[in-house]
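Student: So that we are looking at the same thing, I have put the structure below in structure tokens.
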Amino acid sequence: MPIDCEDQELLEGFLAETTELLEKLDDDLIALEKASDDPELMNRIFRSIHTVKGASSFLGFDLLVRVTHKTEDVLNRLRKGELQLTSEIMDVVLEATDLVKTLVADIKGGEIVDREINETINKLIPLLTEQPAAPAPPAAEAVSTAEAPPAATAAPQAEAKPAQEAAPAVAMPPAAPRPAPEAAKKPAPPKGGEKGSGDDLSDNTTVRVDVKRLDDLMNQVGELVLERNRMIQLNQDLQGGTSDHILFSEEFGKLAKRMSFVTSELQMQVLKMRMIPVEKVFKKFPRIVRSLARDLGKEVDLQIFGEETELDRSVVDEIGDPLIHLIRNAMDHGLETPDDRLAAGKQRTGTLILAAVHEGNSIIISIKDDGRGIDTDRVGRKAIEKGLITEEQLAAMTQREMFDLIFLPGFSTKDQASDLSGRGVGMDVVKTNIKKLNGLIEIKSEKGMGSEFILRLPLTLAIIQSLLVEVEGEIYSIPLASVLETLRVDQREFHVIGGQEVLKLRDMVLPLVRLEQVFNVKRCHDQDNFCYIVVIGSADKRVGLVVTRLVGQQEVAIKSLGKYLANVTGIAGSTILGDGRVALIVDPVGMVDGGEGASGGR
Amino acid sequence: MSNALVPMNANEARTGDHGELIQLVSFSLDNEEYGVDVLKVREIIRMPSITRVPNTPHYVEGVINLRGKVIPIINMRRRFGLIEIEYDKQTRIMVMDVEGELMGFIVDAVSEVIRISSSEIQPSPAVVTSGIDQECIAGVINQAERLLVLLDLQKMFSQDERQLFGNL
């Protein structure tokens, strides 16, 4: 049924507001579970759901009204203290919130689907009549949750599938991968939207911008227009002969300075508008951690720091997946069960810290647990078992390199793939995504004490600081974020190990990559013994790029090479230089891996 | 590219009146004349400075900055396996829309926009001029004093992409 809403603007406003409220709601609900006696929090939750209900009834979204109405009633009883909050009640409320999200996503999609909502509503109903004095024991609660759905399916919806009736029963045995209430929810019709709803709701097609930021932007644009007029005037004066060259160059110099000032201000403003707090990603995690902890039978205290740290939306969009994998990993492999923890002399509850902080032009996100840490012996053994490395290779590895083994595709310490992990894909995804963002990943771990995954990401993907270098007459740009240092060396200092040129740099043997060879540049300079080395690093590996000359550091805007040239090896994109020419941006990741390939292959 | 350029349709049109009128941009390559649908041509520019892109097929000349947009440039002589010549005053880049992306093509010279009736398009003969892939020839226009080869660049690039990705 297509949405029949006369006032499109009203609808858009409703969607924007509801989406925002629902995002906040998830967060608040989880917080409520920890602090159920916080009246302020309780009221806020109640108000959010009430607002959604009010708006949807005004716009005539019946399904939405019915769900929110019942949820509101349950929350109202909780608020008045007629009902004690248990995790079972919370499950039902969360399920209802998910359903609301699905319904809102439907409206957003422009098509109201006739979804089965009675199942969830019927779970809410018993909560409305329950006696305040005796909050039902968890077991009874679970039964009532399980029984409700079949009753619902028998009732109004004729097309209710038989599978649905069977599902809650199937989900009940403890062997089920998810706890019962979760599983009971799964087979319900909202399932289709359930997974996607979170993403759909938080899509980035519209932006809310502070009016002040817009005003500032307008001011800057005004300045720019003035400077342009000045430029035209200067040109006319020169053409018309009213100005001589000396005066012109003086005035033009001033103009250039002002222009550069205004544009860099402008750039900052626009960049700021694109920035969103990393909270957007982080706020999903309390729920994920909660349900994972229940699935795994672990007790976890998730602490989040620095969620107000801002970064570019393009980056925010990309880091969600890797972070989920890292969190799952920490929960599944890192943290022990309460019993194991007690046995190891630790507190019952494990701690998982998620923190974000700015450092220069990058953002650092760390996921730290106080679990069992990475057992390098075990990791090494598994890698050999899976045929990913050989005994000799393992013997030569440093601890750091052994940590890196967990990123290999196909690597897993689990013998059997579970619902959560074990297919050996997760960490590979993490590495690929982080590399795609030009980020670095570092692992710190101590056996028995816990591990920490540190991600270093650029603030934005649109404009980067870069180092311009010349390779035999051609200009290339290297992202500064991956440049560690530059040095001028005599080529006679190069050593050759197994056909691979290397340089002894302090206590490190640095593999070298000659850009002129990788890019097949024709020699145009005479052989000069001195050259420059740009040391770049990507996800823990270091490579030295041999270039002819360093040109300088410049902030460059990244331009895509288009579909046709999207996959050129060693090239990440292009940019336009001050003189209007195109310079190619070197792909540090490709270079580092390429260098690796060269050392093994040649 | 509009359907009218496909030879089969041209035959159909012939049975009725003289077919619909289409406009072609004609250009020359190694003394042969070619034509492409005018609607696909965005602009025609002189040779700017081209930045070479390494590790690409030999006929990719490089990329240029077209008012802030970076677009790839294809050397048509090299693409068709013709003898290369120095660029001169006549050399032009035809910027065209190929499957939604802009691309530039270096040709010897761009001559004019001609109007033809779609009924004048004939299917290409089995053997045509040296080196040019059969697939990207949409037809031949045989007028009294000239022979024009109609190109379908869309076809050329879907095929090229396959090759490019195959190599990777």
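The chains in the structure tokens are called A, B, ... from first to last as shown; in each chain the residues are counted from 1, and the ligands are counted from 1 in the order shown.
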For segment 97-105 of chain B, list every protein, DNA or RNA residue within 9 Å, evaluated using only C-alpha atoms, and leave out those in the same chain fewer than 3 positions away; present the list as a list in words.
Tutor: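 Those residues are Gly562, Lys563 and Tyr564 of chain A; Leu39, Lys40, Val41, Arg42, Ile44, Val63, Ile64, Val70, Ile71, Pro72, Ile73, Ile74, Asn75, Met76, Arg92, Ile93, Met94, Leu153, Gln154, Phe157 and Ser158 of chain B.
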Student: Provide as JSON, numbers by chain the residues of chain B at most 6 Å from chain A, counting only C-alpha atoms.
Tutor: {"B": [51, 54, 65]}
Student: Filtering to all heavy atoms, could you give me those residues as a PDB file, in the first residue's frame?
Tutor:
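This went into selection10.pdb:
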ATOM      1  N   THR B  51      48.403  13.493 -18.019  1.00  0.00           N
ATOM      2  CA  THR B  51      49.189  12.770 -17.024  1.00  0.00           C
ATOM      3  C   THR B  51      49.106  11.278 -17.307  1.00  0.00           C
ATOM      4  O   THR B  51      48.019  10.724 -17.359  1.00  0.00           O
ATOM      5  CB  THR B  51      48.647  13.040 -15.606  1.00  0.00           C
ATOM      6  OG1 THR B  51      48.652  14.444 -15.395  1.00  0.00           O
ATOM      7  CG2 THR B  51      49.496  12.349 -14.552  1.00  0.00           C
ATOM      8  N   PRO B  54      50.281   4.788 -14.979  1.00  0.00           N
ATOM      9  CA  PRO B  54      51.013   3.538 -15.176  1.00  0.00           C
ATOM     10  C   PRO B  54      50.103   2.310 -15.053  1.00  0.00           C
ATOM     11  O   PRO B  54      49.008   2.410 -14.498  1.00  0.00           O
ATOM     12  CB  PRO B  54      52.038   3.547 -14.046  1.00  0.00           C
ATOM     13  CG  PRO B  54      51.466   4.442 -13.007  1.00  0.00           C
ATOM     14  CD  PRO B  54      50.625   5.444 -13.715  1.00  0.00           C
ATOM     15  N   ASN B  65      42.630  16.957 -16.596  1.00  0.00           N
ATOM     16  CA  ASN B  65      41.757  17.713 -15.727  1.00  0.00           C
ATOM     17  C   ASN B  65      40.784  18.482 -16.603  1.00  0.00           C
ATOM     18  O   ASN B  65      41.162  19.431 -17.277  1.00  0.00           O
ATOM     19  CB  ASN B  65      42.604  18.667 -14.880  1.00  0.00           C
ATOM     20  CG  ASN B  65      41.788  19.747 -14.208  1.00  0.00           C
ATOM     21  OD1 ASN B  65      40.578  19.628 -14.066  1.00  0.00           O
ATOM     22  ND2 ASN B  65      42.475  20.802 -13.789  1.00  0.00           N
TER      23      ASN B  65
END
Student: Which neighbours of segment 48-62 of chain A fall inside 9 Å, counting only C-alpha atoms, when residues of the same chain fewer than 4 positions from it are skipped, and could you give them as a PyMOL selection string?
Tutor: chain A and resi 5+10-11+14+17-18+21-22+24-25+43-44+66-69+71-72+75+97+107+112
Student: Could you save the residues just selected, with N, CA, C and O atoms, as a short mmCIF file (atom, residue, chain, number, x, y, z; two decimals), in the first residue's frame?
Tutor:
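This is the output file part-v3.cif:
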data_model
loop_
_atom_site.label_atom_id
_atom_site.label_comp_id
_atom_site.auth_asym_id
_atom_site.auth_seq_id
_atom_site.Cartn_x
_atom_site.Cartn_y
_atom_site.Cartn_z
N CYS A 5 0.02 10.51 1.79
CA CYS A 5 0.19 11.59 2.75
C CYS A 5 0.24 12.89 1.97
O CYS A 5 1.05 13.07 1.07
N LEU A 10 5.61 17.41 5.96
CA LEU A 10 5.24 16.95 7.28
C LEU A 10 5.79 15.54 7.50
O LEU A 10 6.34 15.21 8.55
N LEU A 11 5.63 14.74 6.46
CA LEU A 11 6.08 13.36 6.54
C LEU A 11 7.59 13.30 6.73
O LEU A 11 8.10 12.53 7.56
N PHE A 14 8.47 14.20 10.18
CA PHE A 14 8.14 13.09 11.07
C PHE A 14 9.23 12.02 11.04
O PHE A 14 9.69 11.53 12.07
N GLU A 17 12.47 13.20 12.71
CA GLU A 17 12.36 13.28 14.16
C GLU A 17 12.30 11.89 14.76
O GLU A 17 12.99 11.57 15.73
N THR A 18 11.47 11.04 14.16
CA THR A 18 11.30 9.70 14.70
C THR A 18 12.60 8.92 14.67
O THR A 18 12.96 8.24 15.62
N LEU A 21 14.74 10.06 17.47
CA LEU A 21 14.24 9.59 18.76
C LEU A 21 14.53 8.10 18.97
O LEU A 21 14.94 7.67 20.04
N LEU A 22 14.33 7.34 17.90
CA LEU A 22 14.51 5.90 18.03
C LEU A 22 15.96 5.53 18.28
O LEU A 22 16.27 4.60 19.02
N LYS A 24 18.11 7.31 19.83
CA LYS A 24 18.39 7.66 21.21
C LYS A 24 17.74 6.64 22.15
O LYS A 24 18.30 6.27 23.18
N LEU A 25 16.57 6.18 21.74
CA LEU A 25 15.79 5.29 22.58
C LEU A 25 16.54 4.00 22.90
O LEU A 25 16.57 3.55 24.05
N ASN A 43 11.61 8.83 32.32
CA ASN A 43 10.70 9.82 31.74
C ASN A 43 11.08 10.15 30.31
O ASN A 43 10.23 10.35 29.46
N ARG A 44 12.38 10.19 30.07
CA ARG A 44 12.83 10.53 28.72
C ARG A 44 12.39 9.44 27.74
O ARG A 44 11.91 9.72 26.65
N ARG A 66 -0.53 1.39 17.08
CA ARG A 66 -0.88 0.26 17.94
C ARG A 66 0.33 -0.24 18.73
O ARG A 66 0.24 -0.52 19.92
N VAL A 67 1.45 -0.36 18.05
CA VAL A 67 2.64 -0.86 18.74
C VAL A 67 3.11 0.14 19.79
O VAL A 67 3.36 -0.20 20.95
N THR A 68 3.23 1.40 19.37
CA THR A 68 3.76 2.39 20.30
C THR A 68 2.81 2.58 21.49
O THR A 68 3.25 2.79 22.61
N HIS A 69 1.51 2.45 21.22
CA HIS A 69 0.55 2.65 22.30
C HIS A 69 0.77 1.62 23.40
O HIS A 69 0.86 1.95 24.58
N THR A 71 3.41 -0.21 23.93
CA THR A 71 4.74 -0.05 24.53
C THR A 71 4.71 1.07 25.55
O THR A 71 5.25 0.96 26.65
N GLU A 72 4.03 2.12 25.18
CA GLU A 72 3.91 3.26 26.07
C GLU A 72 3.23 2.84 27.38
O GLU A 72 3.65 3.23 28.47
N LEU A 75 5.61 0.98 29.49
CA LEU A 75 6.60 1.91 30.05
C LEU A 75 5.97 2.75 31.16
O LEU A 75 6.61 3.05 32.16
N THR A 97 10.55 -1.96 20.16
CA THR A 97 11.28 -0.84 19.55
C THR A 97 11.77 -1.23 18.16
O THR A 97 11.70 -0.44 17.22
N ILE A 107 7.76 3.09 6.15
CA ILE A 107 7.20 4.39 5.76
C ILE A 107 8.24 5.17 4.97
O ILE A 107 7.95 5.76 3.94
N ILE A 112 3.83 1.04 2.76
CA ILE A 112 3.45 0.45 4.03
C ILE A 112 3.14 -1.02 3.80
O ILE A 112 2.25 -1.37 3.04
#
Student: For the structure I just gave you, how does DSSP split segment 377-561 of chain A - specifically, which residues are strand (DSSP E)? Reply as a ChimeraX atom specification.
Tutor: /A:440-446,450-458,463-471,474-479,483-490,495-497,500-505,508-514,530-538,541-547,549-557
Student: Set the distance at 10 Å and use only C-alpha atoms: which residues neighbour Ile324 of chain A once local chain neighbours fewer than 3 positions away are removed? I'd like the list as a tab-separated table (two decimals) with all heavy atoms, in the first residue's frame.
Tutor:
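Written out: result_28.tsv:
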chain	number	residue	atom	x	y	z
A	281	VAL	N	28.09	5.71	15.50
A	281	VAL	CA	28.42	4.30	15.37
A	281	VAL	C	28.39	3.64	16.74
A	281	VAL	O	27.88	2.54	16.91
A	281	VAL	CB	29.84	4.12	14.79
A	281	VAL	CG1	30.11	2.67	14.48
A	281	VAL	CG2	30.01	4.95	13.55
A	282	PHE	N	28.95	4.34	17.71
A	282	PHE	CA	29.11	3.75	19.03
A	282	PHE	C	27.78	3.39	19.68
A	282	PHE	O	27.69	2.44	20.44
A	282	PHE	CB	29.87	4.72	19.95
A	282	PHE	CG	31.36	4.68	19.76
A	282	PHE	CD1	31.90	4.05	18.66
A	282	PHE	CD2	32.21	5.27	20.68
A	282	PHE	CE1	33.27	4.02	18.47
A	282	PHE	CE2	33.58	5.23	20.50
A	282	PHE	CZ	34.11	4.61	19.39
A	284	LYS	N	25.26	1.97	18.72
A	284	LYS	CA	24.70	0.65	18.42
A	284	LYS	C	25.27	-0.40	19.36
A	284	LYS	O	24.70	-1.45	19.55
A	284	LYS	CB	25.06	0.21	17.00
A	284	LYS	CG	24.56	1.08	15.91
A	284	LYS	CD	24.72	0.38	14.56
A	284	LYS	CE	26.13	0.42	14.07
A	284	LYS	NZ	26.28	0.23	12.63
A	285	PHE	N	26.46	-0.12	19.88
A	285	PHE	CA	27.20	-1.18	20.54
A	285	PHE	C	26.64	-1.68	21.87
A	285	PHE	O	26.71	-2.87	22.13
A	285	PHE	CB	28.68	-0.81	20.66
A	285	PHE	CG	29.32	-0.69	19.31
A	285	PHE	CD1	30.23	0.30	19.03
A	285	PHE	CD2	28.99	-1.59	18.32
A	285	PHE	CE1	30.80	0.40	17.77
A	285	PHE	CE2	29.55	-1.50	17.05
A	285	PHE	CZ	30.46	-0.49	16.79
A	288	ILE	N	24.41	-4.45	21.06
A	288	ILE	CA	25.10	-5.61	20.51
A	288	ILE	C	25.82	-6.36	21.63
A	288	ILE	O	25.74	-7.57	21.75
A	288	ILE	CB	26.09	-5.18	19.41
A	288	ILE	CG1	25.30	-4.65	18.23
A	288	ILE	CG2	27.00	-6.32	19.00
A	288	ILE	CD1	26.14	-4.02	17.16
A	289	VAL	N	26.50	-5.58	22.48
A	289	VAL	CA	27.25	-6.19	23.57
A	289	VAL	C	26.30	-6.92	24.52
A	289	VAL	O	26.55	-8.03	24.96
A	289	VAL	CB	28.06	-5.11	24.33
A	289	VAL	CG1	28.61	-5.67	25.63
A	289	VAL	CG2	29.20	-4.62	23.45
A	319	ILE	N	33.42	2.54	9.29
A	319	ILE	CA	34.05	1.87	10.42
A	319	ILE	C	33.10	0.99	11.22
A	319	ILE	O	33.54	0.21	12.05
A	319	ILE	CB	34.75	2.86	11.40
A	319	ILE	CG1	33.74	3.87	11.91
A	319	ILE	CG2	35.95	3.50	10.77
A	319	ILE	CD1	34.31	4.69	13.05
A	320	GLY	N	31.81	1.10	10.96
A	320	GLY	CA	30.83	0.30	11.71
A	320	GLY	C	31.15	-1.18	11.67
A	320	GLY	O	31.30	-1.82	12.72
A	321	ASP	N	31.28	-1.72	10.48
A	321	ASP	CA	31.52	-3.16	10.33
A	321	ASP	C	32.77	-3.65	11.03
A	321	ASP	O	32.71	-4.58	11.82
A	321	ASP	CB	31.59	-3.53	8.85
A	321	ASP	CG	30.21	-3.76	8.28
A	321	ASP	OD1	29.25	-3.76	9.09
A	321	ASP	OD2	30.09	-3.94	7.07
A	327	ILE	N	34.55	-6.06	18.26
A	327	ILE	CA	33.84	-6.23	19.53
A	327	ILE	C	33.43	-7.68	19.71
A	327	ILE	O	33.63	-8.28	20.77
A	327	ILE	CB	32.62	-5.29	19.58
A	327	ILE	CG1	33.10	-3.87	19.86
A	327	ILE	CG2	31.63	-5.73	20.64
A	327	ILE	CD1	32.03	-2.84	19.88
A	328	ARG	N	32.90	-8.27	18.65
A	328	ARG	CA	32.54	-9.68	18.72
A	328	ARG	C	33.74	-10.52	19.10
A	328	ARG	O	33.67	-11.43	19.91
A	328	ARG	CB	32.09	-10.16	17.34
A	328	ARG	CG	30.70	-9.83	17.03
A	328	ARG	CD	30.37	-10.50	15.75
A	328	ARG	NE	28.97	-10.33	15.44
A	328	ARG	CZ	28.38	-10.94	14.45
A	328	ARG	NH1	29.07	-11.75	13.68
A	328	ARG	NH2	27.12	-10.75	14.22
A	329	ASN	N	34.84	-10.19	18.46
A	329	ASN	CA	36.06	-10.90	18.70
A	329	ASN	C	36.48	-10.82	20.17
A	329	ASN	O	36.81	-11.81	20.79
A	329	ASN	CB	37.14	-10.29	17.81
A	329	ASN	CG	38.22	-11.25	17.51
A	329	ASN	OD1	37.94	-12.33	17.02
A	329	ASN	ND2	39.44	-10.89	17.84
A	330	ALA	N	36.42	-9.60	20.69
A	330	ALA	CA	36.81	-9.40	22.08
A	330	ALA	C	35.88	-10.16	23.01
A	330	ALA	O	36.30	-10.76	24.00
A	330	ALA	CB	36.79	-7.91	22.41
A	426	GLY	N	36.02	-12.61	9.77
A	426	GLY	CA	35.89	-11.34	10.50
A	426	GLY	C	37.11	-10.46	10.50
A	426	GLY	O	37.06	-9.31	10.07
A	430	VAL	N	38.03	-6.76	8.87
A	430	VAL	CA	38.54	-5.61	9.62
A	430	VAL	C	39.74	-5.01	8.90
A	430	VAL	O	39.79	-3.83	8.61
A	430	VAL	CB	38.96	-6.04	11.05
A	430	VAL	CG1	39.67	-4.90	11.75
A	430	VAL	CG2	37.76	-6.48	11.85
Student: Nearest residue to Val589 of chain A out of A:Asn529, A:Thr432, A:Thr398, A:Gln491, using only C-alpha atoms?
Tutor: A:Thr432
Student: Of the candidates A:Leu63, A:Leu487, A:Glu359, A:Lys431, which shows the shortest atom-to-atom distance to Asp114 of chain A, using only C-alpha atoms?
Tutor: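 The answer is A:Leu63, which sits nearest to Asp114 of chain A.
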Student: Can you pull out the residues contacting segment 306-315 of chain A? Cut-off 8 Å, using only C-alpha atoms, and skip same-chain residues under 3 positions away; I want them as a ChimeraX atom specification.
Tutor: /A:271,274-279,282,318-319,355-358,363,437,458-461
Student: Set the distance at 9 Å and use only C-alpha atoms: which residues neighbour Val74 of chain A once local chain neighbours fewer than 3 positions away are removed? I'd like the list as a list in words.
Tutor: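 Listed by chain and then number, they are His69, Lys70, Thr71, Arg77, Leu78, Arg79, Leu83, Val93, Leu124, Ile125, Leu127 and Leu128 of chain A.
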Student: So that I can see what lies close to Val25 of chain B, please list as a ChimeraX atom specification the residues with an atom at most 7 Å from it, counting only C-alpha atoms and leaving out residues fewer than 4 positions away in the same chain.
Tutor: /B:35-38,112-114
Student: Put those residues in a file: all heavy atoms, as a PDB file, in the first residue's frame.
Tutor:
ATOM      1  N   GLY B  35      32.068   8.264 -37.663  1.00  0.00           N
ATOM      2  CA  GLY B  35      31.021   9.094 -37.085  1.00  0.00           C
ATOM      3  C   GLY B  35      30.515   8.518 -35.771  1.00  0.00           C
ATOM      4  O   GLY B  35      30.517   7.306 -35.572  1.00  0.00           O
ATOM      5  N   VAL B  36      30.148   9.413 -34.859  1.00  0.00           N
ATOM      6  CA  VAL B  36      29.494   8.973 -33.621  1.00  0.00           C
ATOM      7  C   VAL B  36      28.265   9.852 -33.396  1.00  0.00           C
ATOM      8  O   VAL B  36      28.217  10.991 -33.854  1.00  0.00           O
ATOM      9  CB  VAL B  36      30.421   9.053 -32.382  1.00  0.00           C
ATOM     10  CG1 VAL B  36      31.440   7.963 -32.390  1.00  0.00           C
ATOM     11  CG2 VAL B  36      31.037  10.420 -32.244  1.00  0.00           C
ATOM     12  N   ASP B  37      27.329   9.319 -32.673  1.00  0.00           N
ATOM     13  CA  ASP B  37      26.098  10.029 -32.377  1.00  0.00           C
ATOM     14  C   ASP B  37      26.408  11.340 -31.662  1.00  0.00           C
ATOM     15  O   ASP B  37      27.118  11.358 -30.655  1.00  0.00           O
ATOM     16  CB  ASP B  37      25.233   9.137 -31.476  1.00  0.00           C
ATOM     17  CG  ASP B  37      23.876   9.746 -31.217  1.00  0.00           C
ATOM     18  OD1 ASP B  37      23.640  10.877 -31.683  1.00  0.00           O
ATOM     19  OD2 ASP B  37      23.059   9.073 -30.572  1.00  0.00           O
ATOM     20  N   VAL B  38      25.840  12.428 -32.176  1.00  0.00           N
ATOM     21  CA  VAL B  38      26.154  13.737 -31.625  1.00  0.00           C
ATOM     22  C   VAL B  38      25.719  13.855 -30.165  1.00  0.00           C
ATOM     23  O   VAL B  38      26.312  14.572 -29.369  1.00  0.00           O
ATOM     24  CB  VAL B  38      25.521  14.853 -32.487  1.00  0.00           C
ATOM     25  CG1 VAL B  38      24.024  14.933 -32.237  1.00  0.00           C
ATOM     26  CG2 VAL B  38      26.175  16.196 -32.228  1.00  0.00           C
ATOM     27  N   GLU B 112      33.045  17.754 -38.926  1.00  0.00           N
ATOM     28  CA  GLU B 112      31.774  18.473 -38.945  1.00  0.00           C
ATOM     29  C   GLU B 112      30.675  17.641 -38.319  1.00  0.00           C
ATOM     30  O   GLU B 112      30.880  16.484 -37.964  1.00  0.00           O
ATOM     31  CB  GLU B 112      31.398  18.775 -40.390  1.00  0.00           C
ATOM     32  CG  GLU B 112      31.261  17.483 -41.187  1.00  0.00           C
ATOM     33  CD  GLU B 112      31.046  17.723 -42.666  1.00  0.00           C
ATOM     34  OE1 GLU B 112      30.353  18.696 -42.992  1.00  0.00           O
ATOM     35  OE2 GLU B 112      31.552  16.937 -43.467  1.00  0.00           O
ATOM     36  N   VAL B 113      29.511  18.262 -38.215  1.00  0.00           N
ATOM     37  CA  VAL B 113      28.340  17.520 -37.792  1.00  0.00           C
ATOM     38  C   VAL B 113      27.517  17.284 -39.044  1.00  0.00           C
ATOM     39  O   VAL B 113      27.252  18.215 -39.797  1.00  0.00           O
ATOM     40  CB  VAL B 113      27.506  18.309 -36.771  1.00  0.00           C
ATOM     41  CG1 VAL B 113      26.223  17.562 -36.441  1.00  0.00           C
ATOM     42  CG2 VAL B 113      28.319  18.551 -35.518  1.00  0.00           C
ATOM     43  N   ILE B 114      27.198  16.043 -39.299  1.00  0.00           N
ATOM     44  CA  ILE B 114      26.417  15.776 -40.506  1.00  0.00           C
ATOM     45  C   ILE B 114      25.065  15.190 -40.143  1.00  0.00           C
ATOM     46  O   ILE B 114      24.914  14.522 -39.127  1.00  0.00           O
ATOM     47  CB  ILE B 114      27.152  14.820 -41.480  1.00  0.00           C
ATOM     48  CG1 ILE B 114      27.579  13.550 -40.737  1.00  0.00           C
ATOM     49  CG2 ILE B 114      28.330  15.498 -42.100  1.00  0.00           C
ATOM     50  CD1 ILE B 114      28.078  12.479 -41.664  1.00  0.00           C
TER      51      ILE B 114
END
Student: Please indicate the distance in Å from atom CA of Asn31 of chain B to atom CA of Val107 of chain B, rounded to one decimal place.
Tutor: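 Between atom CA of Asn31 of chain B and atom CA of Val107 of chain B the gap works out to 11.0 Å.
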Student: Which is closer to Glu43 of chain B than all the others in B:Val95, B:Ile106, B:Leu151, B:Val140, using only C-alpha atoms?
Tutor: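 For Glu43 of chain B, the nearest of the given residues is B:Val95.
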